[in-house]
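Chemist: One structure, pasted below without further comment.
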Amino acid sequence: MKSLYDNEMKVEFLSKSNNESFARITVAAFAAQLDPTIEELADIKTAVSEAVTNSIIHGYENTEGIVKITAKIFAGMIQIEVADTGKGIEDIKLAKQPLYTTKPDLERSGMGFTIMESFMDEVKVESVVGLGTKVTMKKMLKKEEKQEETNRPFENQES
């Protein structure tokens, strides 16, 4: 039976801040098979970074847990899920408000969801207090028509 997506990867890691860069690089490497532009790749890395940081800082607070990332590739699109089994979000609508933060003492900007929404085409947040949070993000990758190079010295030459 053929799956609905072209490819999939899953990764789990401890909720430690130094794993955030691992998460962004891993997802970026997976997304590379879609041949994204540098800007699209930067958008994906930034959104993943924000989602993972939210899981570590807010989901698990000062406890240790597992952050799970699932990424799926469809034709011209990547879907990324970042999930935790942390404390959950009481009011998702409030949490998504720009500048809202529950950690002003840690100099958190409160822009995580706003950043995710500005860099991705779709962001869905599901959360149950006491059970955790799942952020699903989708990014359509625009295939720019690549300019044909006019001077290709090694093509169509007779030996």
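Order determines the names: the first chain of the structure tokens is A, the second B, and so forth; residues in each chain are numbered 1 upward, and ligands are numbered 1 upward as they are shown.
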When DSSP is applied to the backbone of this structure, which of stretch 8-150 of chain A are assigned strand (DSSP E)? Write them out as a count of residues only.
Modeler: 40
Chemist: How close does each residue of stretch 15-103 of chain A get to stretch 121-134 of chain A, giving the shortest atom pair and distance in Å to one decimal for every residue with an atom at most 8 Å away, counting only C-alpha atoms, sorted by chain and residue number, as a tab-separated table?
Modeler:
```
residue	atom	partner	partner_atom	distance
A:Ser55	CA	A:Thr133	CA	7.7
A:Gly59	CA	A:Gly132	CA	6.9
A:Glu81	CA	A:Lys134	CA	6.6
A:Val82	CA	A:Lys134	CA	5.7
A:Ala83	CA	A:Lys134	CA	4.2
A:Asp84	CA	A:Gly132	CA	5.3
A:Thr85	CA	A:Gly132	CA	3.9
A:Gly86	CA	A:Gly132	CA	4.4
A:Lys87	CA	A:Gly130	CA	4.6
A:Gly88	CA	A:Val129	CA	4.2
A:Ile89	CA	A:Val129	CA	5.7
A:Glu90	CA	A:Val129	CA	5.9
A:Ile92	CA	A:Val125	CA	7.3
```
Chemist: Mind dumping a table of every stretch 56-82 of chain A residue within 10 Å of stretch 12-17 of chain A, with the nearest atom pair and its distance in Å to one decimal, using only C-alpha atoms, sorted by chain and rising number, as a tab-separated table?
Modeler:
```
residue	atom	partner	partner_atom	distance
A:Ile56	CA	A:Ser15	CA	5.0
A:Ile57	CA	A:Ser17	CA	8.2
A:Gly59	CA	A:Ser15	CA	9.2
A:Tyr60	CA	A:Ser15	CA	7.2
A:Glu61	CA	A:Ser15	CA	9.2
A:Asn62	CA	A:Ser15	CA	9.5
A:Thr63	CA	A:Ser15	CA	8.2
A:Glu64	CA	A:Ser15	CA	5.7
A:Gly65	CA	A:Ser15	CA	5.3
A:Ile66	CA	A:Leu14	CA	4.7
A:Val67	CA	A:Phe13	CA	5.5
A:Lys68	CA	A:Glu12	CA	4.5
A:Ile69	CA	A:Glu12	CA	6.4
A:Thr70	CA	A:Glu12	CA	8.8
A:Val82	CA	A:Glu12	CA	9.7
```
Chemist: I'd like the neighbourhood of A:Lys72 as a PDB file with N, CA, C and O atoms, in the first residue's frame, where a residue qualifies if any of its atoms comes within 7 Å (using only C-alpha atoms), though same-chain residues fewer than 3 positions away should be ignored.
Modeler:
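File produced: selection-v1.pdb:
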```
ATOM      1  N   TYR A   5       2.502  10.192   1.708  1.00  0.00           N
ATOM      2  CA  TYR A   5       3.668  11.072   1.644  1.00  0.00           C
ATOM      3  C   TYR A   5       4.818  10.348   0.950  1.00  0.00           C
ATOM      4  O   TYR A   5       4.830   9.142   0.828  1.00  0.00           O
ATOM      5  N   ASN A   7       8.194  10.694   1.809  1.00  0.00           N
ATOM      6  CA  ASN A   7       9.257  10.273   2.721  1.00  0.00           C
ATOM      7  C   ASN A   7       8.904  10.737   4.132  1.00  0.00           C
ATOM      8  O   ASN A   7       8.105  11.670   4.307  1.00  0.00           O
ATOM      9  N   GLU A   8       9.517  10.095   5.127  1.00  0.00           N
ATOM     10  CA  GLU A   8       9.233  10.435   6.521  1.00  0.00           C
ATOM     11  C   GLU A   8      10.460  10.167   7.375  1.00  0.00           C
ATOM     12  O   GLU A   8      11.223   9.239   7.107  1.00  0.00           O
ATOM     13  N   MET A   9      10.637  10.996   8.408  1.00  0.00           N
ATOM     14  CA  MET A   9      11.691  10.735   9.397  1.00  0.00           C
ATOM     15  C   MET A   9      11.152  11.084  10.772  1.00  0.00           C
ATOM     16  O   MET A   9      10.281  11.927  10.920  1.00  0.00           O
ATOM     17  N   ILE A  78       6.675  20.261   2.993  1.00  0.00           N
ATOM     18  CA  ILE A  78       7.161  19.523   4.158  1.00  0.00           C
ATOM     19  C   ILE A  78       6.222  19.816   5.324  1.00  0.00           C
ATOM     20  O   ILE A  78       5.747  20.940   5.493  1.00  0.00           O
ATOM     21  N   GLN A  79       5.921  18.774   6.074  1.00  0.00           N
ATOM     22  CA  GLN A  79       5.107  18.897   7.292  1.00  0.00           C
ATOM     23  C   GLN A  79       5.983  18.447   8.452  1.00  0.00           C
ATOM     24  O   GLN A  79       6.581  17.378   8.401  1.00  0.00           O
ATOM     25  N   ILE A  80       6.041  19.280   9.480  1.00  0.00           N
ATOM     26  CA  ILE A  80       6.895  19.002  10.635  1.00  0.00           C
ATOM     27  C   ILE A  80       6.046  19.036  11.893  1.00  0.00           C
ATOM     28  O   ILE A  80       5.323  20.010  12.131  1.00  0.00           O
TER      29      ILE A  80
END
```
Chemist: Between A:Met140, A:Leu99, A:Leu41, A:Ala29, which is the closest to A:Phe74 once you count only C-alpha atoms?
Modeler: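 Looking at the shortest contact to A:Phe74, the residue is A:Met140.
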Chemist: If I take atom CA of A:Asn54 and atom CA of A:Lys138, how far is one from the other in Å, to one decimal?
Modeler: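 Going from atom CA of A:Asn54 over to atom CA of A:Lys138, I get 17.6 Å.
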Chemist: Given the choices A:Ala47, A:Val11, A:Ala32, A:Gly76, which gets closest to A:Glu117 if the distance is worked out from only C-alpha atoms?
Modeler: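 Looking at the shortest contact to A:Glu117, the residue is A:Ala47.
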Chemist: Quick check for you: according to DSSP on this backbone, which residues of chain A are classed as alpha helix (DSSP H)? Reply as a short mmCIF file (atom, residue, chain, number, x, y, z; two decimals) with all heavy atoms, in the first residue's frame.
Modeler:
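The result, stored in out_4.cif:
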```cif
data_model
loop_
_atom_site.label_atom_id
_atom_site.label_comp_id
_atom_site.auth_asym_id
_atom_site.auth_seq_id
_atom_site.Cartn_x
_atom_site.Cartn_y
_atom_site.Cartn_z
N GLU A 20 18.58 21.75 20.65
CA GLU A 20 17.81 22.59 19.72
C GLU A 20 18.54 22.71 18.39
O GLU A 20 17.93 22.57 17.32
CB GLU A 20 17.54 23.96 20.36
CG GLU A 20 16.85 24.95 19.46
CD GLU A 20 17.84 25.79 18.69
OE1 GLU A 20 18.93 26.08 19.22
OE2 GLU A 20 17.51 26.15 17.53
N SER A 21 19.84 22.93 18.40
CA SER A 21 20.58 23.05 17.14
C SER A 21 20.61 21.71 16.39
O SER A 21 20.53 21.68 15.16
CB SER A 21 22.00 23.58 17.37
OG SER A 21 22.73 22.70 18.19
N PHE A 22 20.68 20.61 17.12
CA PHE A 22 20.61 19.27 16.52
C PHE A 22 19.29 19.11 15.76
O PHE A 22 19.26 18.62 14.64
CB PHE A 22 20.75 18.20 17.61
CG PHE A 22 20.35 16.82 17.15
CD1 PHE A 22 21.18 16.07 16.32
CD2 PHE A 22 19.14 16.27 17.55
CE1 PHE A 22 20.80 14.80 15.91
CE2 PHE A 22 18.76 15.00 17.14
CZ PHE A 22 19.59 14.27 16.31
N ALA A 23 18.20 19.55 16.39
CA ALA A 23 16.87 19.43 15.79
C ALA A 23 16.78 20.23 14.49
O ALA A 23 16.30 19.73 13.47
CB ALA A 23 15.81 19.89 16.77
N ARG A 24 17.26 21.48 14.52
CA ARG A 24 17.15 22.31 13.30
C ARG A 24 17.99 21.74 12.17
O ARG A 24 17.55 21.73 11.03
CB ARG A 24 17.54 23.77 13.50
CG ARG A 24 18.09 24.24 14.70
CD ARG A 24 18.59 25.66 14.85
NE ARG A 24 19.05 26.38 13.72
CZ ARG A 24 18.65 27.60 13.41
NH1 ARG A 24 17.76 28.20 14.14
NH2 ARG A 24 19.14 28.22 12.38
N ILE A 25 19.18 21.27 12.47
CA ILE A 25 20.07 20.73 11.43
C ILE A 25 19.50 19.43 10.86
O ILE A 25 19.53 19.19 9.65
CB ILE A 25 21.49 20.52 11.99
CG1 ILE A 25 22.14 21.88 12.26
CG2 ILE A 25 22.34 19.69 11.04
CD1 ILE A 25 23.39 21.82 13.11
N THR A 26 18.94 18.59 11.73
CA THR A 26 18.36 17.32 11.29
C THR A 26 17.19 17.54 10.34
O THR A 26 17.11 16.93 9.28
CB THR A 26 17.91 16.48 12.51
OG1 THR A 26 19.04 16.29 13.36
CG2 THR A 26 17.35 15.14 12.09
N VAL A 27 16.28 18.43 10.72
CA VAL A 27 15.12 18.71 9.87
C VAL A 27 15.57 19.38 8.57
O VAL A 27 15.06 19.06 7.49
CB VAL A 27 14.06 19.55 10.61
CG1 VAL A 27 12.93 19.95 9.67
CG2 VAL A 27 13.49 18.77 11.79
N ALA A 28 16.53 20.28 8.65
CA ALA A 28 17.03 20.95 7.44
C ALA A 28 17.65 19.94 6.48
O ALA A 28 17.43 20.01 5.26
CB ALA A 28 18.05 22.02 7.82
N ALA A 29 18.41 18.99 7.02
CA ALA A 29 19.02 17.96 6.17
C ALA A 29 17.95 17.12 5.50
O ALA A 29 18.06 16.76 4.32
CB ALA A 29 19.96 17.09 7.00
N PHE A 30 16.89 16.80 6.23
CA PHE A 30 15.79 16.02 5.66
C PHE A 30 15.07 16.83 4.59
O PHE A 30 14.73 16.31 3.53
CB PHE A 30 14.82 15.60 6.78
CG PHE A 30 13.69 14.74 6.31
CD1 PHE A 30 13.90 13.42 5.94
CD2 PHE A 30 12.40 15.24 6.25
CE1 PHE A 30 12.85 12.62 5.49
CE2 PHE A 30 11.35 14.45 5.81
CZ PHE A 30 11.56 13.13 5.44
N ALA A 31 14.82 18.11 4.86
CA ALA A 31 14.12 18.98 3.90
C ALA A 31 14.91 19.22 2.63
O ALA A 31 14.35 19.53 1.58
CB ALA A 31 13.79 20.32 4.57
N ILE A 38 17.71 28.82 -0.16
CA ILE A 38 18.38 29.13 1.10
C ILE A 38 17.39 29.78 2.07
O ILE A 38 17.37 29.48 3.26
CB ILE A 38 19.60 30.04 0.87
CG1 ILE A 38 20.67 29.24 0.12
CG2 ILE A 38 20.15 30.60 2.17
CD1 ILE A 38 21.82 30.07 -0.41
N GLU A 39 16.53 30.65 1.53
CA GLU A 39 15.53 31.33 2.37
C GLU A 39 14.51 30.34 2.95
O GLU A 39 14.16 30.44 4.12
CB GLU A 39 14.79 32.42 1.57
CG GLU A 39 15.66 33.59 1.17
CD GLU A 39 16.53 33.33 -0.07
OE1 GLU A 39 16.30 32.33 -0.80
OE2 GLU A 39 17.45 34.12 -0.30
N GLU A 40 14.04 29.41 2.12
CA GLU A 40 13.08 28.41 2.60
C GLU A 40 13.70 27.55 3.69
O GLU A 40 13.05 27.24 4.69
CB GLU A 40 12.59 27.54 1.44
CG GLU A 40 11.67 28.26 0.48
CD GLU A 40 11.41 27.48 -0.81
OE1 GLU A 40 12.24 26.63 -1.20
OE2 GLU A 40 10.37 27.73 -1.43
N LEU A 41 14.95 27.16 3.49
CA LEU A 41 15.64 26.35 4.49
C LEU A 41 15.81 27.13 5.79
O LEU A 41 15.60 26.58 6.88
CB LEU A 41 17.00 25.91 3.93
CG LEU A 41 17.56 24.59 4.41
CD1 LEU A 41 16.55 23.47 4.32
CD2 LEU A 41 18.81 24.24 3.64
N ALA A 42 16.15 28.39 5.70
CA ALA A 42 16.29 29.24 6.89
C ALA A 42 14.95 29.36 7.61
O ALA A 42 14.90 29.33 8.85
CB ALA A 42 16.83 30.61 6.51
N ASP A 43 13.86 29.50 6.86
CA ASP A 43 12.52 29.58 7.46
C ASP A 43 12.20 28.31 8.24
O ASP A 43 11.71 28.37 9.37
CB ASP A 43 11.45 29.78 6.37
CG ASP A 43 11.51 31.13 5.68
OD1 ASP A 43 12.28 32.01 6.13
OD2 ASP A 43 10.78 31.31 4.69
N ILE A 44 12.47 27.17 7.64
CA ILE A 44 12.19 25.88 8.28
C ILE A 44 13.02 25.74 9.55
O ILE A 44 12.50 25.37 10.61
CB ILE A 44 12.47 24.72 7.29
CG1 ILE A 44 11.43 24.72 6.18
CG2 ILE A 44 12.51 23.38 8.02
CD1 ILE A 44 11.79 23.84 4.98
N LYS A 45 14.31 26.05 9.46
CA LYS A 45 15.20 25.93 10.63
C LYS A 45 14.74 26.85 11.76
O LYS A 45 14.75 26.45 12.93
CB LYS A 45 16.64 26.25 10.23
CG LYS A 45 17.27 25.14 9.39
CD LYS A 45 18.53 25.58 8.66
CE LYS A 45 19.69 25.82 9.56
NZ LYS A 45 20.92 26.13 8.78
N THR A 46 14.34 28.06 11.43
CA THR A 46 13.89 29.01 12.46
C THR A 46 12.62 28.52 13.13
O THR A 46 12.50 28.55 14.36
CB THR A 46 13.67 30.41 11.84
OG1 THR A 46 14.91 30.85 11.27
CG2 THR A 46 13.20 31.41 12.88
N ALA A 47 11.66 28.05 12.34
CA ALA A 47 10.38 27.57 12.90
C ALA A 47 10.61 26.35 13.79
O ALA A 47 10.04 26.25 14.88
CB ALA A 47 9.40 27.25 11.77
N VAL A 48 11.45 25.41 13.36
CA VAL A 48 11.76 24.23 14.16
C VAL A 48 12.43 24.65 15.47
O VAL A 48 12.09 24.16 16.54
CB VAL A 48 12.65 23.23 13.38
CG1 VAL A 48 13.24 22.16 14.30
CG2 VAL A 48 11.86 22.59 12.25
N SER A 49 13.35 25.58 15.37
CA SER A 49 14.05 26.07 16.55
C SER A 49 13.07 26.64 17.57
O SER A 49 13.15 26.35 18.77
CB SER A 49 15.05 27.16 16.12
OG SER A 49 15.73 27.66 17.23
N GLU A 50 12.11 27.43 17.11
CA GLU A 50 11.11 28.03 18.01
C GLU A 50 10.24 26.95 18.66
O GLU A 50 9.97 27.00 19.86
CB GLU A 50 10.23 29.03 17.25
CG GLU A 50 10.97 30.27 16.80
CD GLU A 50 11.49 31.13 17.95
OE1 GLU A 50 10.87 31.16 19.03
OE2 GLU A 50 12.51 31.81 17.75
N ALA A 51 9.78 26.00 17.86
CA ALA A 51 8.91 24.94 18.39
C ALA A 51 9.64 24.08 19.41
O ALA A 51 9.09 23.76 20.48
CB ALA A 51 8.36 24.08 17.24
N VAL A 52 10.88 23.70 19.10
CA VAL A 52 11.67 22.88 20.03
C VAL A 52 11.97 23.66 21.31
O VAL A 52 11.84 23.13 22.42
CB VAL A 52 12.96 22.38 19.34
CG1 VAL A 52 13.93 21.77 20.35
CG2 VAL A 52 12.62 21.37 18.25
N THR A 53 12.35 24.91 21.17
CA THR A 53 12.63 25.75 22.34
C THR A 53 11.39 25.85 23.22
O THR A 53 11.50 25.78 24.45
CB THR A 53 13.13 27.14 21.91
OG1 THR A 53 14.35 26.97 21.19
CG2 THR A 53 13.38 28.04 23.10
N ASN A 54 10.21 26.02 22.62
CA ASN A 54 8.97 26.07 23.40
C ASN A 54 8.78 24.78 24.20
O ASN A 54 8.40 24.83 25.38
CB ASN A 54 7.75 26.30 22.50
CG ASN A 54 7.54 27.76 22.16
OD1 ASN A 54 8.26 28.64 22.64
ND2 ASN A 54 6.56 28.02 21.33
N ILE A 92 -4.37 28.25 24.40
CA ILE A 92 -3.57 28.32 23.17
C ILE A 92 -3.73 29.68 22.50
O ILE A 92 -2.76 30.27 22.03
CB ILE A 92 -3.96 27.18 22.19
CG1 ILE A 92 -3.55 25.83 22.78
CG2 ILE A 92 -3.30 27.38 20.82
CD1 ILE A 92 -4.06 24.63 22.02
N LYS A 93 -4.96 30.20 22.48
CA LYS A 93 -5.20 31.49 21.84
C LYS A 93 -4.36 32.59 22.50
O LYS A 93 -3.74 33.41 21.83
CB LYS A 93 -6.69 31.84 21.89
CG LYS A 93 -7.08 33.02 21.05
CD LYS A 93 -8.59 33.22 21.01
CE LYS A 93 -8.93 34.42 20.15
NZ LYS A 93 -10.37 34.65 20.09
N LEU A 94 -4.31 32.59 23.81
CA LEU A 94 -3.50 33.56 24.56
C LEU A 94 -2.00 33.32 24.29
O LEU A 94 -1.26 34.27 24.05
CB LEU A 94 -3.79 33.47 26.06
CG LEU A 94 -2.99 34.40 26.97
CD1 LEU A 94 -3.29 35.87 26.64
CD2 LEU A 94 -3.32 34.12 28.43
N ALA A 95 -1.59 32.07 24.31
CA ALA A 95 -0.18 31.74 24.09
C ALA A 95 0.31 32.18 22.72
O ALA A 95 1.48 32.49 22.54
CB ALA A 95 0.04 30.23 24.27
N GLY A 112 7.44 33.28 19.86
CA GLY A 112 7.65 31.95 19.26
C GLY A 112 6.60 31.55 18.26
O GLY A 112 6.92 31.22 17.11
N PHE A 113 5.32 31.58 18.64
CA PHE A 113 4.26 31.17 17.71
C PHE A 113 4.14 32.16 16.56
O PHE A 113 3.90 31.77 15.42
CB PHE A 113 2.91 31.02 18.43
CG PHE A 113 2.84 29.79 19.29
CD1 PHE A 113 2.53 29.88 20.64
CD2 PHE A 113 3.06 28.52 18.76
CE1 PHE A 113 2.47 28.75 21.44
CE2 PHE A 113 3.00 27.38 19.54
CZ PHE A 113 2.69 27.50 20.90
N THR A 114 4.33 33.45 16.85
CA THR A 114 4.27 34.48 15.80
C THR A 114 5.36 34.23 14.76
O THR A 114 5.12 34.31 13.55
CB THR A 114 4.43 35.88 16.42
OG1 THR A 114 3.42 36.07 17.41
CG2 THR A 114 4.33 36.97 15.37
N ILE A 115 6.56 33.89 15.22
CA ILE A 115 7.66 33.59 14.31
C ILE A 115 7.34 32.35 13.48
O ILE A 115 7.51 32.34 12.26
CB ILE A 115 8.99 33.44 15.09
CG1 ILE A 115 9.42 34.82 15.62
CG2 ILE A 115 10.08 32.82 14.22
CD1 ILE A 115 10.53 34.78 16.64
N MET A 116 6.85 31.29 14.14
CA MET A 116 6.50 30.07 13.41
C MET A 116 5.47 30.38 12.32
O MET A 116 5.60 29.93 11.18
CB MET A 116 5.92 29.01 14.37
CG MET A 116 6.94 28.35 15.26
SD MET A 116 6.12 27.14 16.32
CE MET A 116 6.53 27.81 17.93
N GLU A 117 4.45 31.16 12.68
CA GLU A 117 3.39 31.48 11.72
C GLU A 117 3.89 32.35 10.57
O GLU A 117 3.40 32.25 9.46
CB GLU A 117 2.21 32.16 12.43
CG GLU A 117 1.44 31.16 13.29
CD GLU A 117 0.38 31.79 14.18
OE1 GLU A 117 0.46 33.01 14.44
OE2 GLU A 117 -0.51 31.05 14.61
N SER A 118 4.88 33.20 10.83
CA SER A 118 5.37 34.06 9.76
C SER A 118 6.31 33.32 8.80
O SER A 118 6.41 33.68 7.63
CB SER A 118 6.05 35.31 10.33
OG SER A 118 7.22 34.98 11.01
N PHE A 119 6.98 32.26 9.28
CA PHE A 119 7.92 31.54 8.43
C PHE A 119 7.33 30.30 7.77
O PHE A 119 7.89 29.78 6.81
CB PHE A 119 9.17 31.14 9.23
CG PHE A 119 10.08 32.28 9.51
CD1 PHE A 119 10.25 32.76 10.80
CD2 PHE A 119 10.78 32.89 8.49
CE1 PHE A 119 11.10 33.82 11.07
CE2 PHE A 119 11.64 33.96 8.74
CZ PHE A 119 11.79 34.42 10.03
#
```
Chemist: Which residue out of A:Met111, A:Ala75, A:Leu34, A:Leu141 has the minimum interatomic distance to A:Asp6 when only C-alpha atoms are used?
Modeler: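 Ranked by minimum distance to A:Asp6, first place goes to A:Ala75.
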Chemist: Would you please work out which residue, of A:Lys142, A:Lys10, A:Thr136, A:Ser3, is nearest to A:Thr37 when using only C-alpha atoms?
Modeler: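 Distance minimum relative to A:Thr37 lands on A:Lys142.
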